[in-house]
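Chemist: Take a look at the following structure, please.
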Amino acid sequence: MDLMKRFPAWKASIASLLLLATIGCGTPQQAAPASTQTDKKEESKVAQGIELGKNGPITIDFWHIQATIYGDAIKEMVAAFNKEYEGKIIVKEVFQGSYDDLNKKVRAALQGGGLPAVAMSYESDTLEYMKADKIVALDDYINDPVNGLKKAELDDIMPGVLARQRIPEYNGKTMSWPHGNSSMGVYYNIDLLKKAGYEKPAATWQEFEKMALDITEKTGVPALVMGNANNGGTFRTWLRTYGIDPINLDQSGVNYDNPQALELAGIIKNLVDKKAILFAQDTEQEFTNGRAVMEIGTTARTSSKLDLVKDKFKWGITLIPQGKSGSKVTELYGGNQVLFKTTPEKQLAGWLFMKYFAESKAQSIYAAKTGYFPATLSAQNTDLLKKNYTDNPQKKQAFDEVFPFARIDVSSAARNKMDTAVGEALQAMTAGKLSPADALKKAQADSTKALKEFK
C-alpha cells in the first residue's frame, strides 16, 4: 500500500507510541494588516549584525561517525551545501570513528576547546552536552522569520523524527535536529527459510524460538547471527516488545528483573546452547554470505545488504518478533545533530547547514545512498527516492513494515552505561557463568547503580 495514502492512519499510531514532546514550535508572526503595512522587510533576529561572506566565507566543522557508503552520502550533501552557499559558508566534514569515539572527542573539546559547530549526537549524548551548557537550543532559529522554517516545512517532518528533537528531558526546548533515522528489523534469507518450510520470520519470540531450532536442524545453518560484543541495548529493545519499559519513564529506576525478561533471556540461552544463535564480530558478513539465516539489526544497512548479497539469494526485512501477540514496536535509531555554542557567525552557519541537511532534497540523497529513512514526507515524492524504492524493494519493505512501529526509548544520560551493564550480565549467562535468573538480578543491580551515578 502506498505510504502516502495510509500515512494519516498510522501517523496517529506512531505518535501515540513515541514519547512525544508536545512542545509548540511557534510560527513566524503574522504580517500586519494591509492598511498598516509598509515596504519594511522582515528582519532576522538570529542573524542581527551578521553578514555571512562579508569578510570571506566562514568555515565550520561537522563531526560525524559515517564512513563507506554513508560517508559518501555525507560528502555529497556537504558538497551540495557548500556550492549553494559558495562565498558564505564552507562546511568541513570530519569523520570521528564510532559514536563512542565521537563522544570522547567532544568531551575532550568540552574541557580543552576546539568544539565543532555541528556534530552528530544521540539523545543520551545531547543530554550530557546540555548539562554542560555547551549546546544551543534551536527554537529561536526554527522560529526566525528569515532563516527559520514555515509551518508547512515543520509539518513535513515525520512526527516521530520531530519528537526525537523535543523529548521531555529537554525541558521544553528543541535541542537537536534530524540527521538520519532507522529502526531495528530482522533481515531474512528467503531461500533458506523456504528450505525449512517457512515464508517469513515468526511474529512472536515464543514462535521464533521453535522456528529457529527447526531451521537450524533442517538447514544446518544457524538461524540467527548476533554480535559478539555487548548486546545490552539489543536486549532492552527486545524486552520492550513485551510491553516492558526497562527504564522507568521518570527515570526513577529500571526494570530488568521480571518474568518477561526471564522468558526472553531463557529463549536466548536455549538458542545459544542449541547452536541456533551464532555470535560473530561482523554479523552482516555472516548473513550476506549465507552463513546465518537471519540477522537482527538496523535498517540503515539495507543498502549495504543490497551491495553484498547481489544475486546470491533472495532476502527481505520485516519487523522483529514481539513479546506478545498484537504488539508492534521496535527501536527508532539514528543520530541527530546538535549545534554547539561557539560564535554567533558559526552558530548561524551551523544552523543553516543543519536545516539544509534535514530538508527533502538532501534527505532524498541520504535515503537513496543509504538505508536511512528520510526525515520528511515529501522526500518520498522526489524522483530520486521513488526510483530508488522501486529498484530496491527491500528498502520500501523496511519503510512499510518496520518504520511505522519505531519509537524512541526513554532518553537518559546513563543509558549507554546501563546497556553495558546489562550486556555484561548477558555475556556471563551465554558463557554459562550465570543462570538467566541470576544474570537478570545482576543486570538489575548494575543498571540501577549506573542510573544513580547520573542522577
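Ordering of the C-alpha cells sets the chain letters (A, B, ...), residue numbers begin anew at 1 in every chain, and ligands are numbered from 1 in the order given.
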Using only C-alpha atoms, find each residue in region 259-364 of chain A having at least one atom no more than 12 Å away from region 437-445 of chain A; report its shortest atom-to-atom pair and that distance in Å (one decimal), rows by chain then rising number, as JSON lines.

Modeler:
```
{"residue": "A:Pro259", "atom": "CA", "partner": "A:Ala437", "partner_atom": "CA", "distance": 9.4}
{"residue": "A:Gln260", "atom": "CA", "partner": "A:Leu440", "partner_atom": "CA", "distance": 10.9}
{"residue": "A:Ala261", "atom": "CA", "partner": "A:Leu440", "partner_atom": "CA", "distance": 7.6}
{"residue": "A:Leu262", "atom": "CA", "partner": "A:Ala437", "partner_atom": "CA", "distance": 6.3}
{"residue": "A:Glu263", "atom": "CA", "partner": "A:Ala437", "partner_atom": "CA", "distance": 9.6}
{"residue": "A:Leu264", "atom": "CA", "partner": "A:Leu440", "partner_atom": "CA", "distance": 10.6}
{"residue": "A:Ala265", "atom": "CA", "partner": "A:Leu440", "partner_atom": "CA", "distance": 8.1}
{"residue": "A:Gly266", "atom": "CA", "partner": "A:Ala437", "partner_atom": "CA", "distance": 8.6}
{"residue": "A:Lys269", "atom": "CA", "partner": "A:Ala439", "partner_atom": "CA", "distance": 11.0}
```

Chemist: Restrict the selected residues to N, CA, C and O atoms and save them as a PDB file, in the first residue's frame.

Modeler:
```pdb
ATOM      1  N   PRO A 259       9.329 -11.404  35.001  1.00  0.00           N
ATOM      2  CA  PRO A 259       9.041 -12.666  34.294  1.00  0.00           C
ATOM      3  C   PRO A 259       9.235 -12.586  32.783  1.00  0.00           C
ATOM      4  O   PRO A 259       9.691 -13.550  32.157  1.00  0.00           O
ATOM      5  N   GLN A 260       8.898 -11.442  32.188  1.00  0.00           N
ATOM      6  CA  GLN A 260       9.049 -11.303  30.737  1.00  0.00           C
ATOM      7  C   GLN A 260      10.527 -11.316  30.342  1.00  0.00           C
ATOM      8  O   GLN A 260      10.915 -11.944  29.347  1.00  0.00           O
ATOM      9  N   ALA A 261      11.346 -10.624  31.112  1.00  0.00           N
ATOM     10  CA  ALA A 261      12.783 -10.618  30.835  1.00  0.00           C
ATOM     11  C   ALA A 261      13.368 -12.011  31.017  1.00  0.00           C
ATOM     12  O   ALA A 261      14.248 -12.434  30.252  1.00  0.00           O
ATOM     13  N   LEU A 262      12.880 -12.730  32.026  1.00  0.00           N
ATOM     14  CA  LEU A 262      13.356 -14.088  32.258  1.00  0.00           C
ATOM     15  C   LEU A 262      12.994 -15.004  31.086  1.00  0.00           C
ATOM     16  O   LEU A 262      13.806 -15.840  30.666  1.00  0.00           O
ATOM     17  N   GLU A 263      11.786 -14.849  30.552  1.00  0.00           N
ATOM     18  CA  GLU A 263      11.392 -15.640  29.394  1.00  0.00           C
ATOM     19  C   GLU A 263      12.302 -15.353  28.213  1.00  0.00           C
ATOM     20  O   GLU A 263      12.785 -16.281  27.538  1.00  0.00           O
ATOM     21  N   LEU A 264      12.554 -14.090  27.946  1.00  0.00           N
ATOM     22  CA  LEU A 264      13.388 -13.705  26.815  1.00  0.00           C
ATOM     23  C   LEU A 264      14.825 -14.183  27.003  1.00  0.00           C
ATOM     24  O   LEU A 264      15.439 -14.721  26.066  1.00  0.00           O
ATOM     25  N   ALA A 265      15.369 -13.996  28.200  1.00  0.00           N
ATOM     26  CA  ALA A 265      16.733 -14.458  28.463  1.00  0.00           C
ATOM     27  C   ALA A 265      16.824 -15.975  28.316  1.00  0.00           C
ATOM     28  O   ALA A 265      17.818 -16.503  27.790  1.00  0.00           O
ATOM     29  N   GLY A 266      15.786 -16.674  28.752  1.00  0.00           N
ATOM     30  CA  GLY A 266      15.758 -18.128  28.616  1.00  0.00           C
ATOM     31  C   GLY A 266      15.748 -18.569  27.166  1.00  0.00           C
ATOM     32  O   GLY A 266      16.390 -19.561  26.791  1.00  0.00           O
ATOM     33  N   LYS A 269      19.292 -18.046  25.829  1.00  0.00           N
ATOM     34  CA  LYS A 269      20.210 -19.078  26.352  1.00  0.00           C
ATOM     35  C   LYS A 269      19.967 -20.421  25.675  1.00  0.00           C
ATOM     36  O   LYS A 269      20.924 -21.125  25.287  1.00  0.00           O
TER      37      LYS A 269
END
```

Chemist: Using only C-alpha atoms, which residue out of A:Leu384, A:Val422, A:Val118, A:Ile267 lies closest to Glu207 (chain A)?

Modeler: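 Of A:Leu384, A:Val422, A:Val118, A:Ile267, the one nearest Glu207 (chain A), counting only C-alpha atoms, is A:Ile267.
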
Chemist: Taking the DSSP assignment computed from this structure's backbone, write out as a list of chain:residue names all residues of region 80-124 of chain A that belong to strand (DSSP E or B).

Modeler: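 Of region 80-124 of chain A, the ones in strand (DSSP E or B) are A:Ile89, A:Ile90, A:Val91, A:Lys92, A:Glu93, A:Val94, A:Phe95, A:Val118, A:Ala119, A:Met120, A:Ser121.
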
Chemist: Could you pull the residues within 12 Å of Lys386 (chain A), counting only C-alpha atoms, minus those fewer than 2 positions along the same chain, as a count of residues only?

Modeler: 22

Chemist: With only C-alpha atoms as the counted atoms, please give the residues lying no more than 8 Å from Met120 (chain A), apart from itself and same-chain residues fewer than 6 positions off, as an MDAnalysis selection string.

Modeler: chainID A and resid 63:65 179 335:338

Chemist: Pick from A:Phe62, A:Phe208, A:Tyr242, A:Phe357: nearest to Ala119 (chain A), with only C-alpha atoms counted?

Modeler: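 Among the listed residues, A:Phe62 lies closest to Ala119 (chain A).
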
Chemist: Got a sec: who's within 9 Å of Pro246 (chain A), counting only C-alpha atoms, leaving out chain neighbours fewer than 2 positions off, as a ChimeraX atom specification?

Modeler: /A:236-237,239-240,244,248,253-256,409-410

Chemist: Please identify all polymer residues within 12 Å of Glu51 (chain A), counting only C-alpha atoms, omitting same-chain residues fewer than 6 positions from it, and present them as a CSV table (one decimal) with N, CA, C and O atoms, in the first residue's frame.

Modeler:
```
chain,number,residue,atom,x,y,z
A,44,SER,N,15.8,39.2,10.3
A,44,SER,CA,16.2,38.0,11.1
A,44,SER,C,16.6,38.5,12.5
A,44,SER,O,17.4,39.4,12.6
A,57,PRO,N,34.3,33.6,3.2
A,57,PRO,CA,33.4,32.6,3.8
A,57,PRO,C,33.8,32.1,5.2
A,57,PRO,O,35.0,32.1,5.5
A,58,ILE,N,32.8,31.8,6.0
A,58,ILE,CA,33.1,31.3,7.3
A,58,ILE,C,33.2,29.8,7.2
A,58,ILE,O,32.4,29.1,6.6
A,87,GLY,N,31.0,31.2,-1.1
A,87,GLY,CA,31.4,32.5,-0.8
A,87,GLY,C,30.9,32.9,0.6
A,87,GLY,O,31.3,34.0,1.1
A,88,LYS,N,30.0,32.1,1.2
A,88,LYS,CA,29.5,32.5,2.5
A,88,LYS,C,29.9,31.5,3.6
A,88,LYS,O,30.3,31.9,4.7
A,89,ILE,N,29.7,30.2,3.3
A,89,ILE,CA,29.9,29.1,4.3
A,89,ILE,C,30.7,28.0,3.6
A,89,ILE,O,30.4,27.6,2.5
A,344,PRO,N,28.4,33.7,17.2
A,344,PRO,CA,27.2,33.9,16.5
A,344,PRO,C,27.2,33.6,15.1
A,344,PRO,O,26.3,33.0,14.5
A,345,GLU,N,28.4,33.9,14.4
A,345,GLU,CA,28.5,33.6,13.0
A,345,GLU,C,28.6,32.1,12.7
A,345,GLU,O,27.9,31.6,11.8
A,346,LYS,N,29.3,31.4,13.5
A,346,LYS,CA,29.4,29.9,13.3
A,346,LYS,C,28.1,29.3,13.7
A,346,LYS,O,27.7,28.3,13.1
A,348,LEU,N,25.1,30.5,13.3
A,348,LEU,CA,24.2,30.8,12.2
A,348,LEU,C,24.5,29.9,11.1
A,348,LEU,O,23.6,29.2,10.5
A,349,ALA,N,25.8,29.8,10.7
A,349,ALA,CA,26.2,28.9,9.6
A,349,ALA,C,25.9,27.5,9.9
A,349,ALA,O,25.5,26.7,9.1
```

Chemist: Using only C-alpha atoms, find the one residue out of A:Ala47, A:Met175, A:Val293, A:Ile142 that sits nearest to Ala196 (chain A).

Modeler: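 Closest candidate: A:Val293.
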
Chemist: Which one of A:Asp245, A:Asp273, A:Glu331, A:Glu453 sits closest to Thr299 (chain A) if you count only C-alpha atoms?

Modeler: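 Going through A:Asp245, A:Asp273, A:Glu331, A:Glu453 one by one, the smallest distance to Thr299 (chain A) is for A:Glu331.
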
Chemist: Region 47-142 of chain A near region 413-417 of chain A within 10 Å: what's each residue's closest atom pair and its distance in Å to one decimal, counting only C-alpha atoms, ordered by chain then ascending residue number, as a tab-separated table?

Modeler:
```
residue	atom	partner	partner_atom	distance
A:Asp100	CA	A:Asn416	CA	9.5
A:Tyr122	CA	A:Ala413	CA	9.8
A:Glu123	CA	A:Ala413	CA	7.8
A:Ser124	CA	A:Ala413	CA	4.3
A:Asp125	CA	A:Ala413	CA	6.5
A:Thr126	CA	A:Ala413	CA	8.2
A:Leu127	CA	A:Ala413	CA	5.9
A:Glu128	CA	A:Ala413	CA	6.0
A:Tyr129	CA	A:Ala413	CA	9.6
A:Lys131	CA	A:Ala413	CA	9.5
```

Chemist: Among region 38-228 of chain A, which ones does DSSP assign to alpha helix (DSSP H) (computed from the backbone)? Answer as a count of residues only.

Modeler: 76

Chemist: Restricting the calculation to only C-alpha atoms: of A:Gly432, A:Gly97, A:Gly220, A:Gly56, which residue gets closest to Asn270 (chain A)?

Modeler: A:Gly432

Chemist: Taking only C-alpha atoms into account, which of A:Lys210, A:Lys341, A:Lys92, A:Lys324 comes nearest Ile268 (chain A)?

Modeler: A:Lys210

Chemist: Got a sec: who's within 12 Å of Lys305 (chain A), counting only C-alpha atoms, leaving out chain neighbours fewer than 6 positions off, as a ChimeraX atom specification?

Modeler: /A:69,187-189,283-290,295,297-299,311-317,370-371,392,394-395
